[in-house]
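> Hey, dropping my_file_0.pdb in here, PDB, C-alpha atoms:
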ATOM      1  CA  ALA A   6       8.722   3.514 -18.076
ATOM      2  CA  ARG A   7       7.763   2.770 -14.514
ATOM      3  CA  LEU A   8       9.184  -0.285 -12.768
ATOM      4  CA  GLN A   9       8.105  -1.426  -9.327
ATOM      5  CA  LEU A  10       9.390  -4.121  -6.991
ATOM      6  CA  SER A  11       7.360  -4.908  -3.863
ATOM      7  CA  PHE A  12       7.169  -7.555  -1.182
ATOM      8  CA  GLU A  13       5.382  -8.098   2.119
ATOM      9  CA  TYR A  14       6.568 -10.463   4.826
ATOM     10  CA  ARG A  15       4.720 -11.694   7.909
ATOM     11  CA  LEU A  16       7.230 -11.256  10.747
ATOM     12  CA  PHE A  17       5.750 -13.855  13.119
ATOM     13  CA  GLY A  18       3.470 -16.872  12.825
ATOM     14  CA  SER A  19       2.458 -18.684   9.651
ATOM     15  CA  ARG A  20       0.029 -18.151   6.790
ATOM     16  CA  ASP A  21      -2.690 -19.850   8.864
ATOM     17  CA  ALA A  22      -2.120 -17.240  11.589
ATOM     18  CA  ALA A  23      -4.356 -14.815   9.659
ATOM     19  CA  HIS A  24      -7.345 -16.996  10.575
ATOM     20  CA  LEU A  25      -6.169 -18.572  13.846
ATOM     21  CA  PRO A  26      -3.705 -16.185  15.516
ATOM     22  CA  SER A  27      -1.914 -17.427  18.600
ATOM     23  CA  SER A  28      -0.507 -14.011  19.470
ATOM     24  CA  TRP A  29      -1.050 -10.354  18.561
ATOM     25  CA  ARG A  30       2.389 -10.516  16.894
ATOM     26  CA  ASP A  31       1.000 -12.776  14.163
ATOM     27  CA  GLY A  32      -0.545  -9.709  12.481
ATOM     28  CA  LEU A  33       2.754  -7.826  12.217
ATOM     29  CA  HIS A  34       4.230  -7.483   8.709
ATOM     30  CA  PHE A  35       7.113  -5.676   7.013
ATOM     31  CA  ALA A  36       6.669  -4.426   3.450
ATOM     32  CA  TYR A  37       8.966  -2.717   0.998
ATOM     33  CA  THR A  38       8.311  -1.055  -2.350
ATOM     34  CA  GLN A  39      10.820   0.479  -4.716
ATOM     35  CA  ARG A  40       9.592   2.473  -7.718
ATOM     36  CA  MET A  41      11.899   3.463 -10.541
ATOM     37  CA  PHE A  42      11.034   5.919 -13.303
ATOM     38  CA  TRP A  43      13.182   5.135 -16.336
ATOM     39  CA  ASP A  44      13.523   7.656 -19.189
ATOM     40  CA  LEU A  45      13.764   5.336 -22.187
ATOM     41  CA  GLY A  46      13.560   8.284 -24.607
ATOM     42  CA  ALA A  47      16.779   9.981 -23.461
ATOM     43  CA  ASN A  48      20.145   9.136 -25.062
ATOM     44  CA  SER A  49      21.657   7.463 -21.996
ATOM     45  CA  MET A  50      18.253   6.184 -20.745
ATOM     46  CA  PRO A  51      18.741   7.369 -17.141
ATOM     47  CA  PHE A  52      16.531   6.628 -14.178
ATOM     48  CA  ARG A  53      14.847   9.987 -13.486
ATOM     49  CA  ASN A  54      13.615   9.113 -10.024
ATOM     50  CA  ILE A  55      13.768   6.218  -7.566
ATOM     51  CA  ASP A  56      11.437   6.054  -4.550
ATOM     52  CA  TYR A  57      11.940   3.791  -1.522
ATOM     53  CA  GLN A  58       8.999   2.855   0.729
ATOM     54  CA  PRO A  59       9.628   0.679   3.784
ATOM     55  CA  GLU A  60       6.493   0.000   5.830
ATOM     56  CA  ILE A  61       5.378  -1.645   9.069
ATOM     57  CA  ILE A  62       1.854  -3.107   8.840
ATOM     58  CA  TYR A  63      -0.520  -4.621  11.374
ATOM     59  CA  VAL A  64      -3.474  -6.739  10.191
ATOM     60  CA  THR A  65      -6.160  -7.902  12.617
ATOM     61  CA  PRO A  66      -7.302 -11.531  12.515
ATOM     62  CA  THR A  67      -9.712 -12.189   9.654
ATOM     63  CA  ARG A  68     -13.341 -12.558  10.661
ATOM     64  CA  MET A  69     -15.150 -15.015   8.397
ATOM     65  CA  LEU A  70     -18.794 -14.238   7.601
ATOM     66  CA  LYS A  71     -21.435 -16.020   5.526
ATOM     67  CA  ASN A  72     -21.117 -16.703   1.800
ATOM     68  CA  GLY A  73     -17.317 -16.533   1.739
ATOM     69  CA  MET A  74     -17.076 -12.921   2.871
ATOM     70  CA  SER A  75     -14.398 -11.911   5.370
ATOM     71  CA  LEU A  76     -13.497  -8.726   7.243
ATOM     72  CA  ALA A  77     -10.241  -7.431   8.716
ATOM     73  CA  LEU A  78      -8.589  -4.144   9.621
ATOM     74  CA  GLN A  79      -5.144  -3.032   8.506
ATOM     75  CA  GLY A  80      -3.049  -0.168   9.830
ATOM     76  CA  GLY A  81       0.442   0.901   8.984
ATOM     77  CA  LEU A  82       3.319   3.332   9.163
ATOM     78  CA  ARG A  83       5.038   4.108   5.849
ATOM     79  CA  HIS A  84       8.177   6.098   5.080
ATOM     80  CA  GLU A  85       8.580   7.354   1.508
ATOM     81  CA  SER A  86      11.921   8.743   0.383
ATOM     82  CA  ASN A  87      13.985   9.353  -2.715
ATOM     83  CA  GLY A  88      17.063   8.286  -0.717
ATOM     84  CA  ARG A  89      18.897  11.545  -1.287
ATOM     85  CA  ASP A  90      20.136  14.152   1.162
ATOM     86  CA  GLY A  91      20.474  17.916   1.230
ATOM     87  CA  ASP A  92      18.428  20.047  -1.166
ATOM     88  CA  ALA A  93      17.627  17.011  -3.338
ATOM     89  CA  SER A  94      16.025  15.143  -0.418
ATOM     90  CA  ARG A  95      12.303  14.417  -0.492
ATOM     91  CA  SER A  96      10.512  12.296   2.103
ATOM     92  CA  ILE A  97       7.202  11.930   3.911
ATOM     93  CA  ASN A  98       5.893   9.690   6.698
ATOM     94  CA  SER A  99       2.298   8.545   6.855
ATOM     95  CA  VAL A 100       0.037   6.541   9.139
ATOM     96  CA  TYR A 101      -3.039   4.858   7.699
ATOM     97  CA  VAL A 102      -5.997   2.683   8.616
ATOM     98  CA  ALA A 103      -7.925   0.528   6.131
ATOM     99  CA  PRO A 104     -10.957  -1.668   6.857
ATOM    100  CA  MET A 105     -10.882  -4.616   4.420
ATOM    101  CA  ALA A 106     -13.699  -6.751   3.012
ATOM    102  CA  ALA A 107     -12.939  -9.822   0.889
ATOM    103  CA  PHE A 108     -15.503 -11.650  -1.233
ATOM    104  CA  SER A 109     -14.965 -15.200  -2.498
ATOM    105  CA  LEU A 110     -15.132 -15.610  -6.282
ATOM    106  CA  GLY A 111     -14.351 -19.318  -6.256
ATOM    107  CA  GLU A 112     -11.963 -21.662  -4.476
ATOM    108  CA  GLU A 113      -8.811 -19.538  -4.639
ATOM    109  CA  ARG A 114     -10.042 -16.308  -6.266
ATOM    110  CA  ARG A 115     -11.362 -13.301  -4.395
ATOM    111  CA  LEU A 116     -12.224  -9.616  -4.604
ATOM    112  CA  LEU A 117     -10.710  -7.362  -1.936
ATOM    113  CA  VAL A 118     -12.118  -3.884  -1.198
ATOM    114  CA  ALA A 119     -10.286  -1.600   1.246
ATOM    115  CA  PRO A 120     -11.033   2.103   1.718
ATOM    116  CA  ARG A 121      -8.113   3.892   3.378
ATOM    117  CA  LEU A 122      -7.635   6.989   5.542
ATOM    118  CA  THR A 123      -4.095   8.401   5.530
ATOM    119  CA  PHE A 124      -2.552  10.993   7.828
ATOM    120  CA  TYR A 125       0.842  12.592   7.166
ATOM    121  CA  VAL A 126       3.046  12.832  10.251
ATOM    122  CA  GLY A 127       6.372  14.366  11.179
ATOM    123  CA  ASP A 128       8.301  16.927   9.154
ATOM    124  CA  LYS A 129       6.441  17.849   5.970
ATOM    125  CA  SER A 130       8.809  20.643   4.876
ATOM    126  CA  ASP A 131       9.924  18.588   1.817
ATOM    127  CA  ASN A 132       6.266  18.237   0.750
ATOM    128  CA  PRO A 133       4.250  21.131   2.212
ATOM    129  CA  ASP A 134       1.359  20.606  -0.266
ATOM    130  CA  ILE A 135       1.158  16.814   0.081
ATOM    131  CA  VAL A 136      -2.391  16.837   1.481
ATOM    132  CA  ARG A 137      -3.553  19.115  -1.333
ATOM    133  CA  TYR A 138      -2.359  16.612  -3.955
ATOM    134  CA  ARG A 139      -2.849  13.251  -2.249
ATOM    135  CA  GLY A 140      -5.613  13.999   0.222
ATOM    136  CA  HIS A 141      -6.476  11.715   3.111
ATOM    137  CA  ALA A 142      -8.806   9.258   1.332
ATOM    138  CA  GLY A 143      -8.042   6.270  -0.848
ATOM    139  CA  LEU A 144      -9.502   3.039  -2.162
ATOM    140  CA  PHE A 145      -7.733  -0.254  -2.878
ATOM    141  CA  LEU A 146      -9.415  -2.882  -5.078
ATOM    142  CA  GLN A 147      -7.903  -6.249  -5.973
ATOM    143  CA  VAL A 148      -9.186  -9.303  -7.819
ATOM    144  CA  GLY A 149      -7.272 -12.520  -8.372
ATOM    145  CA  ASP A 150      -5.906 -15.735  -6.960
ATOM    146  CA  ASP A 151      -4.473 -15.860  -3.435
ATOM    147  CA  ASP A 152      -1.228 -17.422  -4.699
ATOM    148  CA  GLY A 153      -1.285 -16.247  -8.293
ATOM    149  CA  LEU A 154      -1.981 -13.437 -10.693
ATOM    150  CA  ARG A 155      -3.838 -10.419  -9.307
ATOM    151  CA  LEU A 156      -5.132  -7.160 -10.770
ATOM    152  CA  SER A 157      -5.189  -4.284  -8.315
ATOM    153  CA  THR A 158      -6.034  -0.598  -8.373
ATOM    154  CA  ASN A 159      -4.967   1.881  -5.765
ATOM    155  CA  SER A 160      -6.487   5.347  -5.783
ATOM    156  CA  ARG A 161      -6.155   8.389  -3.598
ATOM    157  CA  PHE A 162      -8.043  11.630  -3.729
ATOM    158  CA  ASN A 163      -8.650  14.958  -2.071
ATOM    159  CA  PHE A 164     -12.330  15.830  -2.216
ATOM    160  CA  GLY A 165     -11.554  19.487  -1.410
ATOM    161  CA  SER A 166      -9.055  20.164  -4.210
ATOM    162  CA  GLY A 167     -10.367  17.638  -6.730
ATOM    163  CA  LYS A 168      -6.862  16.186  -7.167
ATOM    164  CA  GLY A 169      -5.956  12.525  -6.998
ATOM    165  CA  ALA A 170      -4.420   9.553  -8.755
ATOM    166  CA  ILE A 171      -5.227   5.984  -9.767
ATOM    167  CA  ASN A 172      -2.672   3.206 -10.266
ATOM    168  CA  ALA A 173      -3.410  -0.197 -11.768
ATOM    169  CA  ASP A 174      -1.033  -3.138 -11.361
ATOM    170  CA  LEU A 175      -1.091  -6.688 -12.684
TER     171      LEU A 175
END
If you took the structure in this file and wrote it as structure tokens, what would it be?

Amino acid sequence: ARLQLSFEYRLFGSRDAAHLPSSWRDGLHFAYTQRMFWDLGANSMPFRNIDYQPEIIYVTPTRMLKNGMSLALQGGLRHESNGRDGDASRSINSVYVAPMAAFSLGEERRLLVAPRLTFYVGDKSDNPDIVRYRGHAGLFLQVGDDDGLRLSTNSRFNFGSGKGAINADL
């Protein structure tokens, strides 16, 4: 079984700051994701792997267009680690940029489309083949209520190797 806990927090400003920023700092966010892979089939049901992903994100002010469409740009720095040291350690740092387009599907519901380019930075000795498996390209799709239930898919792919992955979350 896979369990995931995630949150994102705007460091400065308020929710309205996305549309009417008073400072560049209003776009600064901190996010954290923890993924746990739980082996429910084993006798003691151990967690096989736990990944930690702190992230600093910057989102530009949203530009509202006609017919409920909006545009923004997001960039971030993410650290992924299994939290271990020595030979068991595995970590990677990445920088990404993602233009975002949101389409209104009603008063509080919307569709968000965000292609993403990712670049791996720093020491990659723990994951020398990371680009081969993850590639540099990705696509995030989300549909749902701003303050409610949302369905999202996050994909990444390497056009050269033909490898990639798709996650869906509700």
> Tell me which protein, DNA and RNA residues are within 12 Å of Pro104 (chain A), counting only C-alpha atoms, leaving out same-chain ones fewer than 2 positions away, and put them as an MDAnalysis selection string.
chainID A and resid 63:68 75:81 101:102 106:107 117:122 143:145
> Would you translate the PyMOL selection byres ((chain A and resi 154-157) around 12) into the concrete set of residues it matches in this file, as a ChimeraX atom specification?
/A:113-119,144-153,158-160,171-175
> Kindly list the centre and edge lengths in Å, rounded to one decimal, for the axis-aligned box that covers all listed atoms of region 166-175 of chain A plus 4 Å on each of its six sides, as JSON.

{"center_x": -5.7, "center_y": 6.7, "center_z": -8.4, "size_x": 17.3, "size_y": 34.9, "size_z": 16.5}
> Using the chain letters and numbers from the file, which residues does the PyMOL selection byres ((chain A and resi 37) around 9) grab, as a PyMOL selection string?
chain A and resi 10-14+35-36+38-39+57-61
> Generate a file of the selected residues that holds C-alpha atoms, formatted as a PDB file, in the coordinates of the input.

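Result went into out.pdb, see below:
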ATOM      1  CA  LEU A  10       9.390  -4.121  -6.991  1.00  0.00           C
ATOM      2  CA  SER A  11       7.360  -4.908  -3.863  1.00  0.00           C
ATOM      3  CA  PHE A  12       7.169  -7.555  -1.182  1.00  0.00           C
ATOM      4  CA  GLU A  13       5.382  -8.098   2.119  1.00  0.00           C
ATOM      5  CA  TYR A  14       6.568 -10.463   4.826  1.00  0.00           C
ATOM      6  CA  PHE A  35       7.113  -5.676   7.013  1.00  0.00           C
ATOM      7  CA  ALA A  36       6.669  -4.426   3.450  1.00  0.00           C
ATOM      8  CA  THR A  38       8.311  -1.055  -2.350  1.00  0.00           C
ATOM      9  CA  GLN A  39      10.820   0.479  -4.716  1.00  0.00           C
ATOM     10  CA  TYR A  57      11.940   3.791  -1.522  1.00  0.00           C
ATOM     11  CA  GLN A  58       8.999   2.855   0.729  1.00  0.00           C
ATOM     12  CA  PRO A  59       9.628   0.679   3.784  1.00  0.00           C
ATOM     13  CA  GLU A  60       6.493   0.000   5.830  1.00  0.00           C
ATOM     14  CA  ILE A  61       5.378  -1.645   9.069  1.00  0.00           C
TER      15      ILE A  61
END
> Here is a test: counting all atoms listed in the file, which residue of A:Leu70, A:Val100, A:Leu45, A:Ala142 is nearest to Gly169 (chain A)?
A:Ala142
> Can you write out as JSON lines which residues of region 34-96 of chain A fall within 8 Å of region 124-132 of chain A, alongside each residue's closest atom pair and its distance in Å to one decimal, counting all atoms listed in the file and ordering rows by chain and ascending residue number?

{"residue": "A:Ser94", "atom": "CA", "partner": "A:Asp131", "partner_atom": "CA", "distance": 7.4}
{"residue": "A:Arg95", "atom": "CA", "partner": "A:Asp131", "partner_atom": "CA", "distance": 5.3}
{"residue": "A:Ser96", "atom": "CA", "partner": "A:Asp131", "partner_atom": "CA", "distance": 6.3}
> Written as an mmCIF file with C-alpha atoms, in the frame of the given file, what is the full residue list that the PyMOL selection byres ((chain A and resi 55) around 8) yields on the file shown?

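Produced file out.cif, reproduced below:
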data_model
loop_
_atom_site.group_PDB
_atom_site.id
_atom_site.type_symbol
_atom_site.label_atom_id
_atom_site.label_comp_id
_atom_site.auth_asym_id
_atom_site.auth_seq_id
_atom_site.Cartn_x
_atom_site.Cartn_y
_atom_site.Cartn_z
ATOM 1 C CA GLN A 39 10.820 0.479 -4.716
ATOM 2 C CA ARG A 40 9.592 2.473 -7.718
ATOM 3 C CA MET A 41 11.899 3.463 -10.541
ATOM 4 C CA PHE A 42 11.034 5.919 -13.303
ATOM 5 C CA PHE A 52 16.531 6.628 -14.178
ATOM 6 C CA ARG A 53 14.847 9.987 -13.486
ATOM 7 C CA ASN A 54 13.615 9.113 -10.024
ATOM 8 C CA ASP A 56 11.437 6.054 -4.550
ATOM 9 C CA TYR A 57 11.940 3.791 -1.522
ATOM 10 C CA ASN A 87 13.985 9.353 -2.715
ATOM 11 C CA GLY A 88 17.063 8.286 -0.717
#
> Could you state the separation of CA of Gly91 (chain A) and CA of Pro51 (chain A) in Å, given to one decimal place?
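Atom-to-atom, CA of Gly91 (chain A) and CA of Pro51 (chain A) are spaced 21.3 Å apart.
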> Report the distance between CA of Asp92 (chain A) and CA of Pro133 (chain A) in Å, rounded to one decimal place.
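Answer for the CA of Asp92 (chain A) to CA of Pro133 (chain A) separation: 14.6 Å.
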> Record the distance separating CA of Lys168 (chain A) and CA of His84 (chain A), expressed in Å with one decimal.
21.9 Å
> Which one is closest to Asn72 (chain A): A:Met50, A:Phe108, A:Phe164, A:Gln9? Count all atoms listed in the file.
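Distance minimum relative to Asn72 (chain A) lands on A:Phe108.
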> Find the residues with any atom within 12 Å of (8.8, -7.4, 15.1); use only C-alpha atoms and the coordinates as given in the file, and write the answer as a list in words.
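Returned residue set, sorted by chain then number, is Tyr14, Arg15, Leu16, Phe17, Gly18, Trp29, Arg30, Asp31, Gly32, Leu33, His34, Phe35, Ile61, Ile62 and Tyr63 of chain A.
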